[in-house]
Amino acid sequence: MAAETARRLDCPEETVERVRRGAGLSTRLLQGYDVLRLAAVCGAVAVVAYGVVAGGGVSVARSVLMAVAAMVALWQGRPGDDLRALGGSAIVLALAMPGVGEEAGFQLSYLAVAALMLESRRQRALPTVP
């Protein structure tokens, strides 16, 4: 796939061959590993690291918790559930930071994300026009 992309971009044949050899190497290195589980672990580590760098705001904590929930679902080989992740993150934050539910940032963050999720579900339920 990467080699074909390089070819379509009119890269020199030497570059296309390097890409082809590199893609083969990565395939051999990952042979025997559950790539989805590896991706879930790497994704969770990256999200938590981003959360640490971005700071401890309520919206950051919510998004980190929801993303980690998605990575856990990926690890388990099942689809994630956005509303459960949203609710679970609210419970974790409420237990970790008593009184956080009274903050406007908490309320706005959760209401905005819930509205986006519900609208997304509504849009997916609409019939498609050919």
# chains A, B, ... in the order shown; residues from 1 in each chain; ligands from 1
call {"tool": "residues_around", "arguments": {"residues": "A:Ile91", "least_positions_apart": "3", "cutoff": "12 Å", "atoms": "only C-alpha atoms", "output": "ChimeraX atom specification"}}
result
/A:61-62,65-66,84-88,94-101,106,110
call {"tool": "closest_residue", "arguments": {"among": "A:Leu38, A:Val64, A:Ala115, A:Ala125", "to": "A:Gly51", "atoms": "only C-alpha atoms"}}
result
A:Val64
call {"tool": "residues_around", "arguments": {"residues": "A:Gly105", "least_positions_apart": "4", "cutoff": "8 Å", "atoms": "only C-alpha atoms", "output": "ChimeraX atom specification"}}
result
/A:58-59,109
call {"tool": "write_last_selection", "arguments": {"atoms": "N, CA, C and O atoms", "output": "mmCIF file, in the first residue's frame"}}
result
data_model
loop_
_atom_site.group_PDB
_atom_site.id
_atom_site.type_symbol
_atom_site.label_atom_id
_atom_site.label_comp_id
_atom_site.auth_asym_id
_atom_site.auth_seq_id
_atom_site.Cartn_x
_atom_site.Cartn_y
_atom_site.Cartn_z
ATOM 1 N N VAL A 58 -10.944 19.678 33.740
ATOM 2 C CA VAL A 58 -12.029 18.701 33.720
ATOM 3 C C VAL A 58 -12.242 18.138 32.318
ATOM 4 O O VAL A 58 -12.406 16.940 32.141
ATOM 5 N N SER A 59 -12.231 18.998 31.308
ATOM 6 C CA SER A 59 -12.465 18.509 29.946
ATOM 7 C C SER A 59 -11.329 17.603 29.482
ATOM 8 O O SER A 59 -11.563 16.628 28.754
ATOM 9 N N SER A 109 -18.819 20.700 29.715
ATOM 10 C CA SER A 109 -18.068 19.683 28.985
ATOM 11 C C SER A 109 -18.916 18.445 28.742
ATOM 12 O O SER A 109 -19.005 17.945 27.621
#
call {"tool": "residues_around", "arguments": {"residues": "A:Ala39", "least_positions_apart": "2", "cutoff": "12 Å", "atoms": "only C-alpha atoms", "output": "PyMOL selection string"}}
result
chain A and resi 30+33-37+41-47+68+70-77
call {"tool": "write_last_selection", "arguments": {"atoms": "all heavy atoms", "output": "compact mmCIF listing (two decimals), in the first residue's frame"}}
result
# COMPACT_ATOMS: atom_id res chain seq x y z
N LEU A 30 6.07 -7.53 13.26
CA LEU A 30 4.82 -7.63 13.99
C LEU A 30 4.16 -9.00 13.86
O LEU A 30 3.14 -9.25 14.49
CB LEU A 30 3.84 -6.56 13.52
CG LEU A 30 4.25 -5.13 13.85
CD1 LEU A 30 3.28 -4.14 13.22
CD2 LEU A 30 4.33 -4.92 15.35
N TYR A 33 2.22 -11.04 16.73
CA TYR A 33 1.70 -10.14 17.75
C TYR A 33 0.26 -9.78 17.42
O TYR A 33 -0.12 -9.68 16.27
CB TYR A 33 2.52 -8.86 17.84
CG TYR A 33 3.91 -9.06 18.38
CD1 TYR A 33 5.00 -9.18 17.55
CD2 TYR A 33 4.12 -9.15 19.75
CE1 TYR A 33 6.27 -9.37 18.05
CE2 TYR A 33 5.38 -9.35 20.26
CZ TYR A 33 6.46 -9.46 19.40
OH TYR A 33 7.70 -9.66 19.91
N ASP A 34 -0.52 -9.56 18.45
CA ASP A 34 -1.88 -9.07 18.27
C ASP A 34 -1.78 -7.56 18.07
O ASP A 34 -1.64 -6.80 19.04
CB ASP A 34 -2.72 -9.43 19.49
CG ASP A 34 -4.19 -9.09 19.30
OD1 ASP A 34 -4.50 -8.28 18.41
OD2 ASP A 34 -5.00 -9.63 20.06
N VAL A 35 -1.84 -7.13 16.83
CA VAL A 35 -1.60 -5.73 16.50
C VAL A 35 -2.66 -4.82 17.11
O VAL A 35 -2.34 -3.71 17.55
CB VAL A 35 -1.53 -5.55 14.96
CG1 VAL A 35 -1.32 -4.10 14.60
CG2 VAL A 35 -0.41 -6.40 14.38
N LEU A 36 -3.90 -5.27 17.19
CA LEU A 36 -4.94 -4.41 17.78
C LEU A 36 -4.67 -4.18 19.27
O LEU A 36 -4.85 -3.07 19.77
CB LEU A 36 -6.32 -5.03 17.60
CG LEU A 36 -6.89 -4.92 16.19
CD1 LEU A 36 -8.25 -5.60 16.12
CD2 LEU A 36 -6.99 -3.48 15.75
N ARG A 37 -4.21 -5.20 19.96
CA ARG A 37 -3.90 -5.01 21.38
C ARG A 37 -2.69 -4.11 21.55
O ARG A 37 -2.65 -3.27 22.45
CB ARG A 37 -3.66 -6.36 22.06
CG ARG A 37 -4.95 -7.08 22.32
CD ARG A 37 -4.73 -8.28 23.18
NE ARG A 37 -6.03 -8.76 23.63
CZ ARG A 37 -6.20 -9.61 24.60
NH1 ARG A 37 -5.15 -10.09 25.25
NH2 ARG A 37 -7.40 -10.00 24.95
N VAL A 41 -2.67 -0.49 23.59
CA VAL A 41 -1.73 -0.10 24.64
C VAL A 41 -1.00 1.19 24.25
O VAL A 41 -0.91 2.12 25.05
CB VAL A 41 -0.72 -1.24 24.91
CG1 VAL A 41 0.40 -0.77 25.82
CG2 VAL A 41 -1.43 -2.43 25.53
N CYS A 42 -0.52 1.24 23.02
CA CYS A 42 0.19 2.45 22.57
C CYS A 42 -0.74 3.66 22.58
O CYS A 42 -0.33 4.76 22.98
CB CYS A 42 0.75 2.23 21.16
SG CYS A 42 2.10 1.04 21.10
N GLY A 43 -1.97 3.47 22.16
CA GLY A 43 -2.93 4.57 22.17
C GLY A 43 -3.22 5.07 23.57
O GLY A 43 -3.27 6.27 23.82
N ALA A 44 -3.40 4.13 24.50
CA ALA A 44 -3.67 4.52 25.89
C ALA A 44 -2.50 5.28 26.50
O ALA A 44 -2.68 6.30 27.17
CB ALA A 44 -4.00 3.29 26.73
N VAL A 45 -1.29 4.81 26.24
CA VAL A 45 -0.10 5.49 26.76
C VAL A 45 0.00 6.89 26.17
O VAL A 45 0.26 7.87 26.89
CB VAL A 45 1.18 4.67 26.46
CG1 VAL A 45 2.43 5.47 26.73
CG2 VAL A 45 1.18 3.38 27.28
N ALA A 46 -0.25 7.02 24.87
CA ALA A 46 -0.17 8.33 24.22
C ALA A 46 -1.22 9.29 24.76
O ALA A 46 -0.94 10.46 25.01
CB ALA A 46 -0.33 8.16 22.71
N VAL A 47 -2.43 8.80 24.97
CA VAL A 47 -3.51 9.65 25.48
C VAL A 47 -3.21 10.12 26.90
O VAL A 47 -3.40 11.30 27.23
CB VAL A 47 -4.86 8.89 25.41
CG1 VAL A 47 -5.92 9.57 26.24
CG2 VAL A 47 -5.31 8.78 23.97
N VAL A 68 -9.28 6.28 27.06
CA VAL A 68 -8.76 5.05 27.68
C VAL A 68 -9.86 3.99 27.67
O VAL A 68 -9.57 2.80 27.42
CB VAL A 68 -8.22 5.33 29.09
CG1 VAL A 68 -7.97 4.05 29.85
CG2 VAL A 68 -6.94 6.16 29.01
N ALA A 70 -12.10 3.63 25.39
CA ALA A 70 -12.11 3.14 24.01
C ALA A 70 -10.95 2.18 23.77
O ALA A 70 -11.11 1.15 23.10
CB ALA A 70 -12.04 4.31 23.04
N MET A 71 -9.79 2.48 24.34
CA MET A 71 -8.64 1.59 24.17
C MET A 71 -8.85 0.26 24.89
O MET A 71 -8.43 -0.79 24.41
CB MET A 71 -7.36 2.26 24.68
CG MET A 71 -6.93 3.51 23.93
SD MET A 71 -6.66 3.24 22.17
CE MET A 71 -8.01 4.17 21.49
N VAL A 72 -9.52 0.31 26.04
CA VAL A 72 -9.84 -0.94 26.76
C VAL A 72 -10.80 -1.79 25.92
O VAL A 72 -10.63 -3.01 25.81
CB VAL A 72 -10.43 -0.64 28.16
CG1 VAL A 72 -11.03 -1.88 28.78
CG2 VAL A 72 -9.36 -0.04 29.06
N ALA A 73 -11.78 -1.15 25.30
CA ALA A 73 -12.71 -1.88 24.42
C ALA A 73 -11.95 -2.50 23.25
O ALA A 73 -12.18 -3.65 22.89
CB ALA A 73 -13.80 -0.94 23.92
N LEU A 74 -11.03 -1.75 22.66
CA LEU A 74 -10.22 -2.27 21.57
C LEU A 74 -9.40 -3.46 22.05
O LEU A 74 -9.30 -4.48 21.37
CB LEU A 74 -9.30 -1.17 21.01
CG LEU A 74 -8.42 -1.54 19.84
CD1 LEU A 74 -9.26 -1.96 18.64
CD2 LEU A 74 -7.51 -0.38 19.48
N TRP A 75 -8.81 -3.34 23.23
CA TRP A 75 -8.02 -4.43 23.82
C TRP A 75 -8.87 -5.69 23.96
O TRP A 75 -8.42 -6.80 23.72
CB TRP A 75 -7.47 -3.99 25.18
CG TRP A 75 -6.81 -5.08 25.95
CD1 TRP A 75 -7.39 -5.94 26.84
CD2 TRP A 75 -5.43 -5.45 25.90
NE1 TRP A 75 -6.46 -6.80 27.33
CE2 TRP A 75 -5.25 -6.53 26.78
CE3 TRP A 75 -4.34 -4.96 25.20
CZ2 TRP A 75 -4.02 -7.13 26.98
CZ3 TRP A 75 -3.11 -5.55 25.40
CH2 TRP A 75 -2.97 -6.63 26.27
N GLN A 76 -10.12 -5.50 24.38
CA GLN A 76 -11.01 -6.63 24.60
C GLN A 76 -11.66 -7.13 23.31
O GLN A 76 -12.38 -8.12 23.32
CB GLN A 76 -12.11 -6.25 25.60
CG GLN A 76 -11.57 -5.99 26.98
CD GLN A 76 -12.64 -5.48 27.94
OE1 GLN A 76 -13.69 -5.00 27.53
NE2 GLN A 76 -12.36 -5.59 29.23
N GLY A 77 -11.41 -6.44 22.21
CA GLY A 77 -11.94 -6.86 20.93
C GLY A 77 -13.43 -6.59 20.76
O GLY A 77 -14.12 -7.30 20.04
call {"tool": "atom_distance", "arguments": {"atom1": "atom CA of A:Pro79", "atom2": "atom CA of A:Val60"}}
result
22.7 Å
call {"tool": "residues_around", "arguments": {"residues": "A:Leu118", "least_positions_apart": "5", "cutoff": "9 Å", "atoms": "only C-alpha atoms", "output": "compact mmCIF listing (two decimals) with all heavy atoms, in the first residue's frame"}}
result
# COMPACT_ATOMS: atom_id res chain seq x y z
N LEU A 83 -21.64 6.50 25.12
CA LEU A 83 -22.40 7.02 26.26
C LEU A 83 -21.98 6.37 27.57
O LEU A 83 -21.94 7.03 28.61
CB LEU A 83 -23.90 6.85 26.03
CG LEU A 83 -24.49 7.77 24.95
CD1 LEU A 83 -25.96 7.46 24.71
CD2 LEU A 83 -24.30 9.23 25.30
N VAL A 113 -20.57 17.24 25.05
CA VAL A 113 -20.20 15.94 24.47
C VAL A 113 -21.42 15.05 24.33
O VAL A 113 -21.60 14.37 23.32
CB VAL A 113 -19.08 15.27 25.30
CG1 VAL A 113 -18.83 13.85 24.83
CG2 VAL A 113 -17.81 16.09 25.20
N GLN A 123 -28.24 11.46 13.42
CA GLN A 123 -27.84 11.58 12.02
C GLN A 123 -27.64 10.22 11.37
O GLN A 123 -28.00 10.02 10.23
CB GLN A 123 -26.54 12.40 11.92
CG GLN A 123 -26.69 13.86 12.23
CD GLN A 123 -27.42 14.62 11.15
OE1 GLN A 123 -27.33 14.30 9.98
NE2 GLN A 123 -28.17 15.63 11.56
call {"tool": "atom_distance", "arguments": {"atom1": "atom CA of A:Glu103", "atom2": "atom CA of A:Ala90"}}
result
12.5 Å
call {"tool": "select_by_dssp", "arguments": {"residues": "chain A", "states": "helix (DSSP H, G or I)", "output": "compact mmCIF listing (two decimals) with N, CA and C atoms, in the first residue's frame"}}
result
# COMPACT_ATOMS: atom_id res chain seq x y z
N ALA A 2 1.86 1.30 0.90
CA ALA A 2 2.73 2.48 0.97
C ALA A 2 3.56 2.60 -0.31
N ALA A 3 4.00 1.47 -0.83
CA ALA A 3 4.79 1.49 -2.06
C ALA A 3 3.94 2.00 -3.22
N GLU A 4 2.68 1.59 -3.27
CA GLU A 4 1.78 2.06 -4.33
C GLU A 4 1.54 3.56 -4.21
N THR A 5 1.40 4.05 -2.99
CA THR A 5 1.25 5.49 -2.77
C THR A 5 2.48 6.24 -3.25
N ALA A 6 3.65 5.72 -2.93
CA ALA A 6 4.89 6.35 -3.38
C ALA A 6 4.97 6.37 -4.91
N ARG A 7 4.53 5.29 -5.52
CA ARG A 7 4.54 5.22 -6.99
C ARG A 7 3.57 6.25 -7.57
N ARG A 8 2.38 6.39 -6.98
CA ARG A 8 1.39 7.35 -7.48
C ARG A 8 1.88 8.79 -7.33
N GLU A 13 12.04 5.36 -8.40
CA GLU A 13 11.89 3.91 -8.19
C GLU A 13 12.70 3.45 -6.98
N GLU A 14 13.84 4.08 -6.73
CA GLU A 14 14.66 3.73 -5.56
C GLU A 14 13.87 3.97 -4.26
N THR A 15 13.14 5.07 -4.21
CA THR A 15 12.33 5.37 -3.03
C THR A 15 11.21 4.37 -2.88
N VAL A 16 10.56 4.03 -3.99
CA VAL A 16 9.48 3.05 -3.96
C VAL A 16 10.01 1.72 -3.42
N GLU A 17 11.17 1.32 -3.85
CA GLU A 17 11.76 0.05 -3.39
C GLU A 17 12.11 0.12 -1.90
N ARG A 18 12.62 1.24 -1.44
CA ARG A 18 12.92 1.39 0.00
C ARG A 18 11.65 1.29 0.83
N VAL A 19 10.59 1.92 0.35
CA VAL A 19 9.31 1.86 1.06
C VAL A 19 8.82 0.41 1.09
N ARG A 20 8.93 -0.29 -0.04
CA ARG A 20 8.48 -1.68 -0.12
C ARG A 20 9.26 -2.55 0.87
N ARG A 21 10.57 -2.37 0.94
CA ARG A 21 11.38 -3.17 1.88
C ARG A 21 11.04 -2.83 3.32
N GLY A 22 10.83 -1.55 3.62
CA GLY A 22 10.48 -1.13 4.97
C GLY A 22 9.14 -1.68 5.41
N ALA A 23 8.16 -1.69 4.50
CA ALA A 23 6.84 -2.23 4.83
C ALA A 23 6.94 -3.72 5.10
N GLY A 24 7.74 -4.41 4.34
CA GLY A 24 7.93 -5.85 4.58
C GLY A 24 8.58 -6.11 5.91
N LEU A 25 9.54 -5.27 6.28
CA LEU A 25 10.22 -5.43 7.56
C LEU A 25 9.25 -5.24 8.72
N SER A 26 8.41 -4.20 8.65
CA SER A 26 7.47 -3.97 9.74
C SER A 26 6.47 -5.11 9.84
N THR A 27 6.07 -5.67 8.72
CA THR A 27 5.15 -6.81 8.74
C THR A 27 5.80 -8.01 9.41
N ARG A 28 7.06 -8.26 9.11
CA ARG A 28 7.77 -9.39 9.73
C ARG A 28 7.99 -9.15 11.22
N LEU A 29 8.27 -7.91 11.61
CA LEU A 29 8.49 -7.61 13.02
C LEU A 29 7.22 -7.83 13.85
N LEU A 30 6.07 -7.53 13.26
CA LEU A 30 4.82 -7.63 13.99
C LEU A 30 4.16 -9.00 13.86
N VAL A 35 -1.84 -7.13 16.83
CA VAL A 35 -1.60 -5.73 16.50
C VAL A 35 -2.66 -4.82 17.11
N LEU A 36 -3.90 -5.27 17.19
CA LEU A 36 -4.94 -4.41 17.78
C LEU A 36 -4.67 -4.18 19.27
N ARG A 37 -4.21 -5.20 19.96
CA ARG A 37 -3.90 -5.01 21.38
C ARG A 37 -2.69 -4.11 21.55
N LEU A 38 -1.71 -4.28 20.69
CA LEU A 38 -0.54 -3.41 20.73
C LEU A 38 -0.94 -1.96 20.46
N ALA A 39 -1.84 -1.76 19.49
CA ALA A 39 -2.33 -0.42 19.19
C ALA A 39 -3.10 0.16 20.36
N ALA A 40 -3.88 -0.68 21.06
CA ALA A 40 -4.64 -0.21 22.20
C ALA A 40 -3.72 0.26 23.32
N VAL A 41 -2.67 -0.49 23.59
CA VAL A 41 -1.73 -0.10 24.64
C VAL A 41 -1.00 1.19 24.25
N CYS A 42 -0.52 1.24 23.02
CA CYS A 42 0.19 2.45 22.57
C CYS A 42 -0.74 3.66 22.58
N GLY A 43 -1.97 3.47 22.16
CA GLY A 43 -2.93 4.57 22.17
C GLY A 43 -3.22 5.07 23.57
N ALA A 44 -3.40 4.13 24.50
CA ALA A 44 -3.67 4.52 25.89
C ALA A 44 -2.50 5.28 26.50
N VAL A 45 -1.29 4.81 26.24
CA VAL A 45 -0.10 5.49 26.76
C VAL A 45 0.00 6.89 26.17
N ALA A 46 -0.25 7.02 24.87
CA ALA A 46 -0.17 8.33 24.22
C ALA A 46 -1.22 9.29 24.76
N VAL A 47 -2.43 8.80 24.97
CA VAL A 47 -3.51 9.65 25.48
C VAL A 47 -3.21 10.12 26.90
N VAL A 48 -2.74 9.21 27.74
CA VAL A 48 -2.42 9.59 29.11
C VAL A 48 -1.27 10.60 29.12
N ALA A 49 -0.27 10.37 28.29
CA ALA A 49 0.85 11.32 28.21
C ALA A 49 0.36 12.69 27.76
N TYR A 50 -0.52 12.72 26.78
CA TYR A 50 -1.08 14.00 26.33
C TYR A 50 -1.85 14.66 27.46
N GLY A 51 -2.62 13.89 28.20
CA GLY A 51 -3.37 14.45 29.33
C GLY A 51 -2.47 15.07 30.37
N VAL A 52 -1.33 14.45 30.62
CA VAL A 52 -0.37 14.99 31.59
C VAL A 52 0.20 16.30 31.07
N VAL A 53 0.55 16.33 29.80
CA VAL A 53 1.13 17.54 29.21
C VAL A 53 0.09 18.66 29.12
N ALA A 54 -1.15 18.32 28.78
CA ALA A 54 -2.19 19.34 28.58
C ALA A 54 -2.68 19.93 29.89
N VAL A 58 -10.94 19.68 33.74
CA VAL A 58 -12.03 18.70 33.72
C VAL A 58 -12.24 18.14 32.32
N SER A 59 -12.23 19.00 31.31
CA SER A 59 -12.47 18.51 29.95
C SER A 59 -11.33 17.60 29.48
N VAL A 60 -10.11 17.90 29.90
CA VAL A 60 -8.97 17.04 29.54
C VAL A 60 -9.12 15.69 30.24
N ALA A 61 -9.46 15.72 31.52
CA ALA A 61 -9.64 14.47 32.26
C ALA A 61 -10.76 13.64 31.65
N ARG A 62 -11.86 14.30 31.28
CA ARG A 62 -12.97 13.58 30.65
C ARG A 62 -12.53 12.92 29.36
N SER A 63 -11.84 13.65 28.53
CA SER A 63 -11.44 13.10 27.24
C SER A 63 -10.42 11.98 27.40
N VAL A 64 -9.50 12.12 28.35
CA VAL A 64 -8.52 11.06 28.60
C VAL A 64 -9.23 9.80 29.08
N LEU A 65 -10.14 9.94 30.03
CA LEU A 65 -10.86 8.77 30.55
C LEU A 65 -11.68 8.10 29.45
N MET A 66 -12.33 8.89 28.61
CA MET A 66 -13.13 8.31 27.54
C MET A 66 -12.25 7.61 26.50
N ALA A 67 -11.11 8.21 26.18
CA ALA A 67 -10.20 7.58 25.22
C ALA A 67 -9.62 6.29 25.78
N VAL A 68 -9.28 6.28 27.06
CA VAL A 68 -8.76 5.05 27.68
C VAL A 68 -9.86 3.99 27.67
N ALA A 69 -11.11 4.36 27.90
CA ALA A 69 -12.21 3.40 27.82
C ALA A 69 -12.31 2.81 26.41
N ALA A 70 -12.10 3.63 25.39
CA ALA A 70 -12.11 3.14 24.01
C ALA A 70 -10.95 2.18 23.77
N MET A 71 -9.79 2.48 24.34
CA MET A 71 -8.64 1.59 24.17
C MET A 71 -8.85 0.26 24.89
N VAL A 72 -9.52 0.31 26.04
CA VAL A 72 -9.84 -0.94 26.76
C VAL A 72 -10.80 -1.79 25.92
N ALA A 73 -11.78 -1.15 25.30
CA ALA A 73 -12.71 -1.88 24.42
C ALA A 73 -11.95 -2.50 23.25
N LEU A 74 -11.03 -1.75 22.66
CA LEU A 74 -10.22 -2.27 21.57
C LEU A 74 -9.40 -3.46 22.05
N TRP A 75 -8.81 -3.34 23.23
CA TRP A 75 -8.02 -4.43 23.82
C TRP A 75 -8.87 -5.69 23.96
N GLN A 76 -10.12 -5.50 24.38
CA GLN A 76 -11.01 -6.63 24.60
C GLN A 76 -11.66 -7.13 23.31
N ASP A 82 -19.93 4.89 23.46
CA ASP A 82 -19.61 6.27 23.79
C ASP A 82 -20.37 6.80 25.01
N LEU A 83 -21.64 6.50 25.12
CA LEU A 83 -22.40 7.02 26.26
C LEU A 83 -21.98 6.37 27.57
N ARG A 84 -21.63 5.09 27.53
CA ARG A 84 -21.12 4.45 28.75
C ARG A 84 -19.76 5.03 29.14
N ALA A 85 -18.94 5.30 28.14
CA ALA A 85 -17.64 5.92 28.43
C ALA A 85 -17.83 7.30 29.04
N LEU A 86 -18.79 8.05 28.52
CA LEU A 86 -19.07 9.38 29.05
C LEU A 86 -19.55 9.27 30.50
N GLY A 87 -20.51 8.38 30.75
CA GLY A 87 -21.01 8.20 32.10
C GLY A 87 -19.95 7.67 33.06
N GLY A 88 -19.16 6.72 32.57
CA GLY A 88 -18.09 6.18 33.41
C GLY A 88 -17.06 7.22 33.78
N SER A 89 -16.72 8.08 32.82
CA SER A 89 -15.75 9.13 33.13
C SER A 89 -16.32 10.13 34.14
N ALA A 90 -17.61 10.40 34.06
CA ALA A 90 -18.24 11.30 35.03
C ALA A 90 -18.20 10.70 36.42
N ILE A 91 -18.45 9.40 36.53
CA ILE A 91 -18.41 8.74 37.84
C ILE A 91 -16.99 8.76 38.41
N VAL A 92 -16.01 8.44 37.57
CA VAL A 92 -14.62 8.43 38.04
C VAL A 92 -14.21 9.82 38.52
N LEU A 93 -14.55 10.85 37.73
CA LEU A 93 -14.19 12.22 38.13
C LEU A 93 -14.91 12.64 39.41
N ALA A 94 -16.18 12.26 39.53
CA ALA A 94 -16.93 12.62 40.73
C ALA A 94 -16.35 11.95 41.97
N LEU A 95 -15.87 10.72 41.83
CA LEU A 95 -15.26 10.04 42.97
C LEU A 95 -13.87 10.59 43.28
N ALA A 96 -13.12 10.94 42.23
CA ALA A 96 -11.76 11.43 42.42
C ALA A 96 -11.73 12.88 42.89
N VAL A 100 -16.91 18.23 41.99
CA VAL A 100 -16.61 18.66 40.63
C VAL A 100 -17.88 18.84 39.81
N GLY A 101 -18.92 18.11 40.16
CA GLY A 101 -20.18 18.21 39.42
C GLY A 101 -20.83 19.58 39.52
N GLU A 102 -20.42 20.37 40.50
CA GLU A 102 -20.98 21.71 40.68
C GLU A 102 -20.28 22.74 39.80
N ALA A 104 -19.02 24.70 36.54
CA ALA A 104 -19.59 24.97 35.22
C ALA A 104 -18.81 24.26 34.12
N GLY A 105 -17.49 24.18 34.26
CA GLY A 105 -16.67 23.50 33.26
C GLY A 105 -17.04 22.04 33.11
N PHE A 106 -17.30 21.38 34.23
CA PHE A 106 -17.73 19.98 34.22
C PHE A 106 -19.06 19.84 33.51
N GLN A 107 -20.01 20.66 33.91
CA GLN A 107 -21.36 20.58 33.35
C GLN A 107 -21.37 20.87 31.85
N LEU A 108 -20.67 21.91 31.45
CA LEU A 108 -20.63 22.28 30.03
C LEU A 108 -19.92 21.22 29.20
N SER A 109 -18.82 20.70 29.72
CA SER A 109 -18.07 19.68 28.98
C SER A 109 -18.92 18.45 28.74
N TYR A 110 -19.57 17.97 29.79
CA TYR A 110 -20.38 16.76 29.65
C TYR A 110 -21.64 16.98 28.82
N LEU A 111 -22.28 18.12 29.01
CA LEU A 111 -23.48 18.39 28.21
C LEU A 111 -23.14 18.54 26.73
N ALA A 112 -22.05 19.21 26.43
CA ALA A 112 -21.66 19.41 25.03
C ALA A 112 -21.33 18.07 24.37
N VAL A 113 -20.57 17.24 25.05
CA VAL A 113 -20.20 15.94 24.47
C VAL A 113 -21.42 15.05 24.33
N ALA A 114 -22.30 15.03 25.33
CA ALA A 114 -23.51 14.23 25.25
C ALA A 114 -24.38 14.69 24.08
N ALA A 115 -24.50 16.00 23.89
CA ALA A 115 -25.29 16.53 22.77
C ALA A 115 -24.70 16.10 21.43
N LEU A 116 -23.38 16.17 21.30
CA LEU A 116 -22.72 15.73 20.07
C LEU A 116 -22.95 14.25 19.80
N MET A 117 -22.87 13.45 20.85
CA MET A 117 -23.08 12.01 20.70
C MET A 117 -24.51 11.70 20.27
N LEU A 118 -25.46 12.34 20.91
CA LEU A 118 -26.86 12.08 20.59
C LEU A 118 -27.21 12.57 19.19
N GLU A 119 -26.67 13.71 18.80
CA GLU A 119 -26.91 14.21 17.44
C GLU A 119 -26.27 13.28 16.42
N SER A 120 -25.11 12.76 16.72
CA SER A 120 -24.44 11.82 15.82
C SER A 120 -25.30 10.57 15.64
N ARG A 121 -25.86 10.07 16.72
CA ARG A 121 -26.74 8.89 16.63
C ARG A 121 -27.98 9.22 15.80
N ARG A 122 -28.52 10.40 15.99
CA ARG A 122 -29.70 10.80 15.23
C ARG A 122 -29.39 10.89 13.75
N GLN A 123 -28.24 11.46 13.42
CA GLN A 123 -27.84 11.58 12.02
C GLN A 123 -27.64 10.22 11.37
N ARG A 124 -27.05 9.28 12.11
CA ARG A 124 -26.83 7.94 11.56
C ARG A 124 -28.14 7.21 11.35
N ALA A 125 -29.16 7.54 12.12
CA ALA A 125 -30.45 6.86 11.99
C ALA A 125 -31.28 7.39 10.82
